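**Q** Structure file model-v9.cif (mmCIF, C-alpha atoms) is given on the next line.
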data_target
#
loop_
_atom_site.label_atom_id
_atom_site.label_comp_id
_atom_site.auth_asym_id
_atom_site.auth_seq_id
_atom_site.Cartn_x
_atom_site.Cartn_y
_atom_site.Cartn_z
CA MET P 262 41.22 -67.06 8.27
CA PRO P 263 43.23 -63.87 7.56
CA PHE P 264 47.02 -64.00 7.84
CA SER P 265 47.65 -60.25 8.15
CA LYS P 266 47.78 -58.35 11.42
CA PRO P 267 44.46 -56.50 11.69
CA TRP P 268 44.41 -52.72 11.77
CA VAL P 269 41.57 -52.13 14.21
CA GLY P 270 41.32 -48.93 16.23
CA ARG P 271 43.69 -45.96 16.14
CA LYS P 272 47.33 -46.43 15.20
CA ARG P 273 49.95 -43.83 16.17
CA ILE P 274 52.48 -42.99 13.46
CA ALA P 275 55.51 -40.72 13.79
CA PHE P 276 56.54 -38.80 10.65
CA VAL P 277 60.18 -37.72 10.59
CA PRO P 278 61.30 -35.07 8.04
CA LEU P 279 64.82 -35.91 6.88
CA TYR P 280 67.20 -33.41 5.25
CA ARG P 281 70.38 -34.37 3.38
CA PRO P 282 72.74 -31.33 3.26
CA HIS P 283 74.81 -32.60 0.32
CA ALA P 284 72.22 -34.52 -1.67
CA ALA P 285 72.42 -34.57 -5.47
CA PRO P 286 70.21 -32.99 -6.67
CA PRO P 287 70.06 -30.77 -3.57
CA ASP P 288 67.23 -31.18 -1.09
CA GLN P 289 64.98 -28.10 -1.11
CA VAL P 290 63.32 -27.85 2.30
CA PRO P 291 59.73 -26.64 1.81
CA PRO P 292 58.38 -23.80 3.95
CA ASP P 293 56.45 -25.00 6.99
CA TRP P 294 57.40 -28.59 6.24
CA GLU P 295 55.77 -29.94 9.41
CA ASN P 296 52.33 -28.62 8.49
CA ALA P 297 52.75 -29.70 4.86
CA ILE P 298 53.12 -33.28 6.15
CA LEU P 299 50.25 -32.97 8.62
CA ARG P 300 47.97 -31.59 5.92
CA ARG P 301 48.50 -34.69 3.78
CA VAL P 302 48.00 -37.01 6.72
CA LEU P 303 45.10 -35.40 8.60
CA TYR P 304 43.09 -33.15 6.26
CA ASP P 305 43.86 -32.72 2.57
CA PRO P 306 40.93 -31.12 0.66
CA ARG P 307 41.44 -31.02 -3.10
CA PRO P 308 39.97 -28.38 -5.44
CA GLN P 309 39.93 -30.95 -8.29
CA ALA P 310 37.57 -33.10 -6.20
CA ASN P 311 35.21 -30.29 -5.19
CA GLY P 312 37.03 -29.89 -1.91
CA ALA P 313 36.82 -33.57 -0.95
CA ASP P 314 39.34 -34.67 1.68
CA ARG P 315 41.97 -37.07 0.27
CA SER P 316 44.11 -37.24 3.40
CA LEU P 317 45.56 -40.49 4.67
CA ARG P 318 43.23 -40.38 7.66
CA ALA P 319 40.12 -39.82 5.52
CA TRP P 320 41.05 -42.79 3.34
CA VAL P 321 41.66 -45.09 6.30
CA LYS P 322 38.30 -44.24 7.86
CA ALA P 323 36.46 -44.65 4.53
CA ALA P 324 38.18 -47.86 3.43
CA SER P 325 37.78 -49.45 6.88
CA SER P 326 34.18 -48.24 7.39
CA GLY P 327 35.37 -46.54 10.57
CA THR P 328 37.03 -49.67 11.96
CA ALA P 329 40.50 -48.11 11.77
CA ASP P 330 41.91 -44.65 12.40
CA LEU P 331 45.23 -42.85 12.17
CA ASP P 332 46.89 -40.50 14.65
CA ALA P 333 50.04 -38.66 13.64
CA ILE P 334 52.82 -36.56 15.08
CA VAL P 335 55.60 -34.87 13.14
CA LEU P 336 59.01 -34.88 14.81
CA PRO P 337 61.61 -32.12 14.42
CA MET P 338 63.59 -32.34 11.17
CA GLN P 339 66.54 -34.70 11.26
CA THR P 340 69.75 -34.28 9.24
CA LEU P 341 71.70 -37.12 7.71
CA ASP P 342 74.62 -36.43 5.40
CA GLN P 343 74.37 -39.33 2.95
CA GLN P 344 72.87 -39.75 -0.49
CA VAL P 345 71.08 -43.05 0.01
CA VAL P 346 69.08 -43.31 3.22
CA GLU P 347 67.60 -46.64 4.24
CA ALA P 348 64.17 -46.79 5.85
CA THR P 349 65.79 -47.92 9.12
CA ALA P 350 68.49 -45.24 9.14
CA LEU P 351 67.22 -43.64 12.37
CA GLU P 352 66.36 -46.85 14.22
CA GLY P 353 69.45 -46.56 16.44
CA THR P 354 68.73 -42.98 17.52
CA LEU P 355 64.92 -42.87 17.58
CA GLY P 356 63.54 -46.42 17.45
CA SER P 357 63.46 -47.24 21.15
CA SER P 358 62.15 -43.81 22.11
CA LEU P 359 59.29 -43.94 19.59
CA ARG P 360 58.23 -47.41 20.68
CA ALA P 361 58.31 -46.30 24.31
CA GLN P 362 55.95 -43.46 23.39
CA GLY P 363 53.47 -45.97 22.01
CA MET P 364 54.12 -45.42 18.31
CA ASP P 365 52.92 -48.22 16.03
CA GLY P 366 55.16 -47.14 13.17
CA ALA P 367 57.45 -44.40 11.88
CA VAL P 368 57.90 -42.82 8.44
CA LEU P 369 60.99 -41.07 7.09
CA VAL P 370 59.75 -38.22 4.86
CA MET P 371 62.40 -37.24 2.34
CA LEU P 372 62.86 -34.75 -0.51
CA GLY P 373 64.27 -36.84 -3.34
CA GLY P 374 62.62 -38.13 -6.50
CA ARG P 375 59.83 -40.64 -6.84
CA GLY P 376 60.32 -44.35 -6.47
CA ALA P 377 61.79 -44.22 -2.96
CA GLY P 378 58.73 -45.64 -1.20
CA THR P 379 59.64 -48.72 0.83
CA ASN P 380 58.94 -50.42 4.13
CA ALA P 381 61.09 -52.28 6.63
CA GLY P 382 58.65 -53.26 9.33
CA PHE P 383 58.29 -50.49 11.93
CA TRP P 384 59.97 -47.98 9.59
CA SER P 385 58.80 -46.74 6.19
CA ARG P 386 60.45 -44.32 3.77
CA VAL P 387 58.57 -41.96 1.42
CA VAL P 388 59.23 -38.71 -0.42
CA MET P 389 57.12 -35.57 -0.65
CA LEU P 390 56.78 -35.93 -4.45
CA GLU P 391 54.99 -39.26 -4.12
CA SER P 392 51.22 -39.58 -3.83
CA ASN P 393 49.23 -40.24 -0.68
CA GLY P 394 48.57 -43.70 -2.10
CA VAL P 395 52.30 -44.53 -1.94
CA TRP P 396 52.48 -43.28 1.64
CA LEU P 397 49.49 -45.45 2.55
CA MET P 398 50.89 -48.55 0.88
CA GLU P 399 54.13 -48.39 2.87
CA ILE P 400 52.32 -47.74 6.16
CA LEU P 401 49.95 -50.64 5.48
CA HIS P 402 52.91 -52.94 4.81
CA GLY P 403 54.33 -52.03 8.20
CA LEU P 404 51.14 -52.24 10.24
CA THR P 405 49.59 -55.36 8.71
CA GLY P 406 52.45 -57.32 7.12
CA PHE P 407 50.44 -57.52 3.87
CA LYS P 408 52.70 -57.67 0.78
CA ASP P 409 52.50 -56.12 -2.70
CA LEU P 410 49.80 -57.10 -5.20
CA TYR P 411 51.26 -55.35 -8.26
CA SER P 412 52.93 -57.16 -11.16
CA PHE P 413 56.42 -58.61 -10.72
CA ALA P 414 58.84 -59.02 -13.62
CA ASN P 415 58.90 -62.81 -13.20
CA ASP P 416 55.12 -63.30 -12.97
CA SER P 417 53.84 -66.21 -15.04
CA ASP P 418 50.52 -64.33 -15.45
CA THR P 419 50.46 -61.46 -17.93
CA ALA P 420 50.55 -57.89 -16.65
CA ASP P 421 47.04 -57.14 -17.94
CA ARG P 422 45.66 -59.53 -15.32
CA SER P 423 46.85 -57.37 -12.44
CA ILE P 424 44.12 -56.26 -10.04
CA ASP P 425 45.66 -52.76 -10.48
CA THR P 426 43.45 -49.86 -9.35
CA PHE P 427 40.85 -52.18 -7.87
CA ASP P 428 43.20 -52.51 -4.88
CA GLU P 429 45.33 -49.91 -3.12
CA MET P 430 48.00 -52.56 -2.56
CA ALA P 431 48.43 -53.05 -6.31
CA ALA P 432 48.31 -49.54 -7.77
CA SER P 433 48.96 -47.33 -4.70
CA SER P 434 46.53 -44.80 -6.17
CA GLN P 435 44.38 -44.45 -3.01
CA THR P 436 41.42 -46.50 -4.23
CA HIS P 437 39.64 -48.94 -1.93
CA PRO P 438 41.19 -52.37 -1.38
CA THR P 439 39.37 -55.44 -2.69
CA ALA P 440 37.09 -57.50 -0.47
CA PHE P 441 39.98 -59.96 -0.13
CA THR P 442 42.35 -57.30 1.19
CA LYS P 443 39.76 -55.60 3.41
CA ASN P 444 39.09 -58.96 5.02
CA GLU P 445 42.82 -59.40 5.61
CA PHE P 446 43.06 -55.96 7.25
CA GLY P 447 40.12 -56.69 9.56
CA TRP P 448 37.96 -54.11 7.74
CA LEU P 449 35.43 -56.60 6.35
CA ASP P 450 33.96 -59.49 8.30
CA SER P 451 34.10 -62.88 6.61
CA ALA P 452 30.34 -63.19 7.17
CA ALA P 453 29.83 -60.43 4.59
CA ILE P 454 31.38 -62.67 1.92
CA ARG P 455 28.74 -65.15 0.75
CA VAL P 456 29.98 -68.62 -0.26
CA HIS P 457 28.34 -69.99 -3.43
CA ASN P 458 27.15 -73.57 -3.26
CA GLY P 459 24.99 -75.56 -5.63
CA ALA P 460 24.12 -75.06 -9.27
CA SER P 461 22.56 -71.61 -9.56
CA SER P 462 22.03 -68.81 -7.04
CA ALA P 463 21.12 -65.13 -7.09
CA TYR P 464 22.86 -62.57 -4.89
CA GLN P 465 22.63 -58.86 -4.14
CA LEU P 466 25.98 -57.10 -3.89
CA GLN P 467 26.49 -53.79 -2.12
CA HIS P 468 29.12 -51.56 -3.72
CA LEU P 469 32.34 -52.31 -1.86
CA SER P 470 33.19 -48.65 -1.21
CA LEU P 471 29.97 -48.07 0.76
CA PRO P 472 30.07 -48.45 4.56
CA MET P 473 30.21 -52.01 5.78
CA PRO P 474 28.68 -54.31 6.95
CA PRO P 475 26.28 -54.48 3.99
CA ALA P 476 22.59 -53.66 4.36
CA ALA P 477 20.21 -56.51 5.17
CA GLY P 478 20.04 -59.04 2.36
CA ARG P 479 23.19 -57.75 0.67
CA ALA P 480 26.68 -59.23 0.48
CA ALA P 481 30.03 -57.48 0.12
CA ALA P 482 31.32 -60.25 -2.16
CA VAL P 483 30.59 -63.78 -3.34
CA ARG P 484 33.17 -66.54 -3.10
CA ILE P 485 33.27 -69.52 -5.47
CA GLY P 486 35.41 -72.42 -4.30
CA ASP P 487 36.54 -73.75 -0.95
CA ALA P 488 40.30 -74.12 -1.45
CA MET P 489 42.88 -71.89 -3.09
CA PRO P 490 42.63 -70.91 -5.89
CA TYR P 491 39.10 -69.58 -5.56
CA VAL P 492 37.13 -66.72 -7.13
CA LEU P 493 35.75 -63.57 -5.51
CA ILE P 494 33.06 -61.36 -7.07
CA GLU P 495 32.38 -57.78 -5.96
CA SER P 496 30.76 -54.57 -7.18
CA ARG P 497 32.83 -51.41 -7.67
CA ARG P 498 31.39 -47.92 -8.17
CA LYS P 499 32.84 -44.41 -7.96
CA THR P 500 30.89 -43.60 -4.83
CA ASP P 501 33.57 -41.45 -3.18
CA GLN P 502 36.63 -39.30 -3.90
CA PHE P 503 38.92 -42.32 -3.65
CA GLU P 504 37.19 -44.63 -6.14
CA ALA P 505 36.64 -41.66 -8.48
CA GLY P 506 40.28 -40.55 -8.35
CA LEU P 507 41.60 -37.31 -9.78
CA PRO P 508 41.72 -37.81 -13.57
CA SER P 509 42.74 -34.17 -14.03
CA THR P 510 46.18 -34.80 -12.51
CA SER P 511 48.83 -35.24 -15.16
CA ASP P 512 51.12 -37.64 -13.29
CA GLY P 513 48.59 -40.47 -13.09
CA GLN P 514 49.39 -41.11 -9.43
CA GLU P 515 45.84 -40.64 -8.18
CA ARG P 516 43.79 -42.66 -10.66
CA GLY P 517 40.39 -43.95 -9.65
CA ILE P 518 39.15 -47.47 -10.37
CA ALA P 519 39.68 -48.59 -13.96
CA SER P 520 35.98 -49.22 -14.64
CA GLU P 521 32.66 -49.40 -12.80
CA GLY P 522 30.58 -52.53 -12.39
CA VAL P 523 31.07 -56.11 -11.23
CA ILE P 524 34.55 -57.62 -11.17
CA ALA P 525 35.69 -61.19 -10.59
CA TYR P 526 39.20 -62.20 -9.65
CA ARG P 527 40.98 -65.39 -8.73
CA VAL P 528 42.77 -65.58 -5.38
CA GLN P 529 46.06 -67.39 -5.99
CA THR P 530 47.88 -66.83 -2.72
CA LYS P 531 47.72 -68.95 0.41
CA ASN P 532 49.30 -66.22 2.51
CA PRO P 533 49.50 -62.56 1.36
CA THR P 534 52.02 -61.71 4.09
CA VAL P 535 54.65 -63.77 2.23
CA GLN P 536 56.31 -61.99 -0.68
CA THR P 537 57.23 -65.19 -2.58
CA ARG P 538 54.48 -66.05 -5.06
CA GLU P 539 53.36 -69.65 -5.49
CA GLY P 540 54.30 -70.70 -9.03
CA ASN P 541 55.09 -67.03 -9.79
CA LYS P 542 51.34 -66.42 -10.05
CA LYS P 543 49.83 -63.05 -9.20
CA PRO P 544 48.22 -63.07 -5.74
CA LEU P 545 45.02 -61.69 -7.29
CA TYR P 546 44.31 -62.51 -10.96
CA LEU P 547 41.72 -60.24 -12.59
CA ILE P 548 39.31 -62.37 -14.66
CA THR P 549 37.00 -59.55 -15.81
CA GLN P 550 39.41 -57.06 -17.34
CA THR P 551 36.53 -54.60 -17.74
CA ALA P 552 33.86 -54.52 -15.04
CA LEU P 553 30.55 -56.07 -16.08
CA GLN P 554 27.43 -53.94 -16.57
CA VAL P 555 23.77 -54.90 -16.12
CA GLY P 556 22.87 -57.52 -18.75
CA GLN P 557 26.46 -58.66 -19.28
CA SER P 558 27.90 -62.09 -18.47
CA ALA P 559 31.33 -63.64 -18.14
CA THR P 560 32.55 -67.21 -17.90
CA LEU P 561 34.78 -67.65 -14.86
CA ASP P 562 36.78 -70.66 -13.71
CA ASN P 563 35.47 -74.20 -14.30
CA GLY P 564 32.74 -72.95 -16.63
CA VAL P 565 30.90 -70.95 -13.93
CA VAL P 566 28.87 -68.14 -15.53
CA LEU P 567 28.44 -64.78 -13.80
CA THR P 568 25.59 -62.53 -14.97
CA VAL P 569 24.71 -59.03 -13.76
CA THR P 570 20.93 -59.13 -13.74
CA ALA P 571 19.85 -55.75 -12.32
CA GLY P 572 20.96 -52.52 -10.76
CA LEU P 573 20.10 -51.63 -7.15
CA PRO P 574 20.22 -48.25 -5.38
CA ASP P 575 23.32 -49.34 -3.44
CA GLY P 576 24.67 -52.11 -5.65
CA VAL P 577 23.72 -54.78 -8.17
CA ALA P 578 21.95 -58.12 -8.43
CA ILE P 579 23.91 -61.01 -9.89
CA LYS P 580 23.38 -64.64 -10.78
CA VAL P 581 26.05 -67.32 -10.45
CA ASP P 582 25.41 -70.45 -12.49
CA ASP P 583 27.54 -73.60 -12.38
CA PRO P 584 26.51 -75.87 -15.29
CA GLY P 585 28.57 -78.71 -13.87
CA ARG P 586 26.27 -78.95 -10.87
CA HIS P 587 22.97 -79.08 -12.71
CA LEU P 588 21.03 -82.36 -12.63
CA ILE P 589 19.55 -83.14 -16.03
CA ASP P 590 16.62 -85.56 -16.34
CA ARG P 591 17.25 -87.65 -19.46
CA THR P 592 14.69 -90.37 -18.64
CA ALA P 593 12.33 -89.51 -21.49
CA VAL P 594 15.08 -88.84 -24.04
CA THR P 595 16.76 -92.20 -23.48
CA GLY P 596 13.54 -94.20 -23.08
CA ALA P 597 14.54 -95.41 -19.63
CA ARG P 598 11.84 -96.70 -17.32
CA ALA P 599 10.89 -94.50 -14.38
CA ALA P 600 12.14 -95.61 -10.98
CA ALA P 601 9.64 -97.28 -8.66
CA GLY P 602 10.51 -94.87 -5.89
CA PRO P 603 13.28 -92.74 -4.34
CA PRO P 604 16.72 -94.30 -3.79
CA CYS P 605 17.18 -96.21 -0.54
CA ALA P 606 20.08 -97.84 1.28
CA LEU P 607 20.57 -101.47 2.25
CA VAL P 608 22.99 -102.01 5.12
CA LEU P 609 24.70 -105.34 5.78
CA PRO P 610 26.92 -104.54 8.77
CA GLN P 611 28.21 -108.08 9.21
CA HIS P 612 29.85 -107.86 5.78
CA GLY P 613 30.86 -104.21 6.05
CA ILE P 614 28.66 -103.42 3.08
CA GLU P 615 26.28 -100.51 2.62
#
If you took the structure in this file and wrote it as structure tokens, what would it be?

**A**
Amino acid sequence: MPFSKPWVGRKRIAFVPLYRPHAAPPDQVPPDWENAILRRVLYDPRPQANGADRSLRAWVKAASSGTADLDAIVLPMQTLDQQVVEATALEGTLGSSLRAQGMDGAVLVMLGGRGAGTNAGFWSRVVMLESNGVWLMEILHGLTGFKDLYSFANDSDTADRSIDTFDEMAASSQTHPTAFTKNEFGWLDSAAIRVHNGASSAYQLQHLSLPMPPAAGRAAAVRIGDAMPYVLIESRRKTDQFEAGLPSTSDGQERGIASEGVIAYRVQTKNPTVQTREGNKKPLYLITQTALQVGQSATLDNGVVLTVTAGLPDGVAIKVDDPGRHLIDRTAVTGARAAAGPPCALVLPQHGIE
């Protein structure tokens, strides 16, 4: 059962341009600042992506398969004469009014350097120099309560096991979230995640970035294990402008997914809305550091073997094999006599014996 607040339907967000008259270095107010913000939020076609729209709204509709939407207004520019501005700096003057107008969140849009992105519940803080992915991450924190997936300095797992660009909440590069995160946001029904039971089973995975729910016979992901930690398997492909990213940009802020194919990761968090990490383990631990291609296999947790068996028009076919659950007939090898018949039970209720 997800712990995050679902983002279902349209959420209203107020964007508040904030100018600091004595900032160091000085704030340079861009021309037509209001429309510059609206362009990023509502419709942001990029020449590097053949005109594809990389706006916040386009991402929300694509990542949620139309389950969620974003409405935005830009308020008149506010002025605050201080160098460091907290995300909640305008709560006293604007908070009650914005809530009364039905706003689900508010974003201070500033003009400083990168690294200012943060969230404090209803309020977020971003800067114009940061990518749309950073803006989205902070808004998602506020609307859903979902916490960061990127590496922390005190993680007991190595940094190379980060889920990174396979989840917007890890790399903030505007790629799709994982099946785990989409389920938390209410963008992927739990029924689309098949639970593996038994020794060996074959599954057909639809690429996660395609509209959900999956086509008949397909799954969005496969889960191995009942309790945390457990493993999720999904297929990732550069099917849209978000998974493909913009590799031509020099700042690396809008990277696409790290590789294409099937990935497996271990879920190590009981509740992703809590920032404290159990045992300092990453919430999502990437097992397949490079996505698997057709014909490739990987050994996952507890000796389970994942094999990509075939490509499909909208995904891949996989096989999950758990050697520990296979029954092996050693009757002939050991010279044991065959049983007279199937096992049966003898019940002696008066002695409490079965």

**Q** If the PyMOL selection byres ((chain P and resi 485-500) around 6) is run on the structure shown, which residues does it catch, given as an mmCIF file with C-alpha atoms, keeping the file's coordinate frame?

**A**
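Below you can see selection38.cif, which holds the result:
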data_model
loop_
_atom_site.group_PDB
_atom_site.id
_atom_site.type_symbol
_atom_site.label_atom_id
_atom_site.label_comp_id
_atom_site.auth_asym_id
_atom_site.auth_seq_id
_atom_site.Cartn_x
_atom_site.Cartn_y
_atom_site.Cartn_z
ATOM 1 C CA HIS P 457 28.340 -69.990 -3.430
ATOM 2 C CA HIS P 468 29.120 -51.560 -3.720
ATOM 3 C CA LEU P 469 32.340 -52.310 -1.860
ATOM 4 C CA ALA P 482 31.320 -60.250 -2.160
ATOM 5 C CA VAL P 483 30.590 -63.780 -3.340
ATOM 6 C CA ARG P 484 33.170 -66.540 -3.100
ATOM 7 C CA ASP P 501 33.570 -41.450 -3.180
ATOM 8 C CA GLU P 504 37.190 -44.630 -6.140
ATOM 9 C CA ALA P 505 36.640 -41.660 -8.480
ATOM 10 C CA GLU P 521 32.660 -49.400 -12.800
ATOM 11 C CA GLY P 522 30.580 -52.530 -12.390
ATOM 12 C CA VAL P 523 31.070 -56.110 -11.230
ATOM 13 C CA ILE P 524 34.550 -57.620 -11.170
ATOM 14 C CA ALA P 525 35.690 -61.190 -10.590
ATOM 15 C CA TYR P 526 39.200 -62.200 -9.650
ATOM 16 C CA ARG P 527 40.980 -65.390 -8.730
ATOM 17 C CA VAL P 528 42.770 -65.580 -5.380
ATOM 18 C CA GLN P 529 46.060 -67.390 -5.990
#

**Q** Given the choices P:Ile579, P:Met364, P:Leu390, P:Leu471, which gets closest to Ala559 in chain P if the distance is worked out from only C-alpha atoms?

**A** P:Ile579

**Q** Just to confirm, what's the straight-line distance from CA of Ala414 in chain P to CA of Gly366 in chain P in Å (one decimal)?

**A** 29.5 Å

**Q** Apply the PyMOL selection byres ((chain P and resi 519) around 9) to the structure shown and report the selected residues as a list in words.

**A** Asp425, Thr426, Phe427, Arg516, Gly517, Ile518, Ser520, Glu521, Thr551 and Ala552 of chain P

**Q** Would you export the selected residues with C-alpha atoms as a tab-separated table (two decimals), keeping the file's coordinate frame, please?

**A**
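This went into selection-v8.tsv:
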chain	number	residue	atom	x	y	z
P	425	ASP	CA	45.66	-52.76	-10.48
P	426	THR	CA	43.45	-49.86	-9.35
P	427	PHE	CA	40.85	-52.18	-7.87
P	516	ARG	CA	43.79	-42.66	-10.66
P	517	GLY	CA	40.39	-43.95	-9.65
P	518	ILE	CA	39.15	-47.47	-10.37
P	520	SER	CA	35.98	-49.22	-14.64
P	521	GLU	CA	32.66	-49.40	-12.80
P	551	THR	CA	36.53	-54.60	-17.74
P	552	ALA	CA	33.86	-54.52	-15.04

**Q** Can you tell me which residues surround range 318-326 of chain P at a distance of at most 6 Å, considering only C-alpha atoms, apart from same-chain residues fewer than 3 positions away, and format the answer as a list in words?

**A** Val302, Leu303, Ala329, Asp330, Leu331, His437, Trp448, Pro472 and Met473 of chain P

**Q** Taking 2 positions as the minimum chain separation for residues in the same chain, which residues sit within 7 Å of Pro438 in chain P when counting all atoms listed in the file? Answer as a list of chain:residue names.

**A**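 Near neighbours after the sequence-gap exclusion: P:Phe427, P:Asp428, P:Glu429, P:Met430, P:Thr436, P:Ala440, P:Thr442, P:Lys443.
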
**Q** Between P:Phe264, P:Tyr464, P:Tyr280, P:Phe446, single out the one closest to Leu573 in chain P, counting all atoms listed in the file.

**A**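 Of P:Phe264, P:Tyr464, P:Tyr280, P:Phe446, the one nearest Leu573 in chain P, counting all atoms listed in the file, is P:Tyr464.
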
**Q** Compare P:Gln435, P:Gly540, P:Met338, P:Ala477 by their minimum atom-to-atom distance to Asp575 in chain P, counting all atoms listed in the file, and give me the closest one.

**A**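 Of P:Gln435, P:Gly540, P:Met338, P:Ala477, the one nearest Asp575 in chain P, counting all atoms listed in the file, is P:Ala477.
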
**Q** Report as a list in words the full result of the PyMOL selection byres ((chain P and resi 375) around 10) when it is applied to this structure.

**A**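 Applying the expression gives Leu372, Gly373, Gly374, Gly376, Ala377, Gly378, Val387, Val388, Met389, Leu390, Glu391, Ser392 and Val395 of chain P.
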
**Q** Go ahead and compute the interatomic distance for CA of Asp365 in chain P and CA of Met398 in chain P, in Å to one decimal.

**A**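 Taking CA of Asp365 in chain P as the start and CA of Met398 in chain P as the end point, the length is 15.3 Å.
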
**Q** Select, from P:Ser434, P:Gly312, P:Gln344, P:Asp332, the residue with the minimum atom-to-atom distance to Pro286 in chain P, counting all atoms listed in the file.

**A** P:Gln344

**Q** Please indicate the distance in Å from CA of Val581 in chain P to CA of Ser462 in chain P, rounded to one decimal place.

**A**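 Those two atoms sit 5.5 Å apart.
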
**Q** For Gly382 in chain P, list every protein, DNA or RNA residue within 12 Å, evaluated using only C-alpha atoms, and leave out those in the same chain fewer than 4 positions away; present the list as a list in words.

**A**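 Within the cut-off, the hits are Ala348, Thr349, Glu352, Gly356, Asp365, Gly366, Ala367, Val368, Arg386, Glu399, Ile400, Leu401, His402, Gly403, Leu404, Thr405, Gly406, Phe407, Lys408 and Thr534 of chain P.
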
**Q** List the neighbours of Ala313 in chain P out to 9 Å using all atoms listed in the file; skip same-chain residues closer than 6 positions along the sequence, and give me the result as a list of chain:residue names.

**A** P:Asp305, P:Pro306, P:Arg307, P:Asp501, P:Gln502
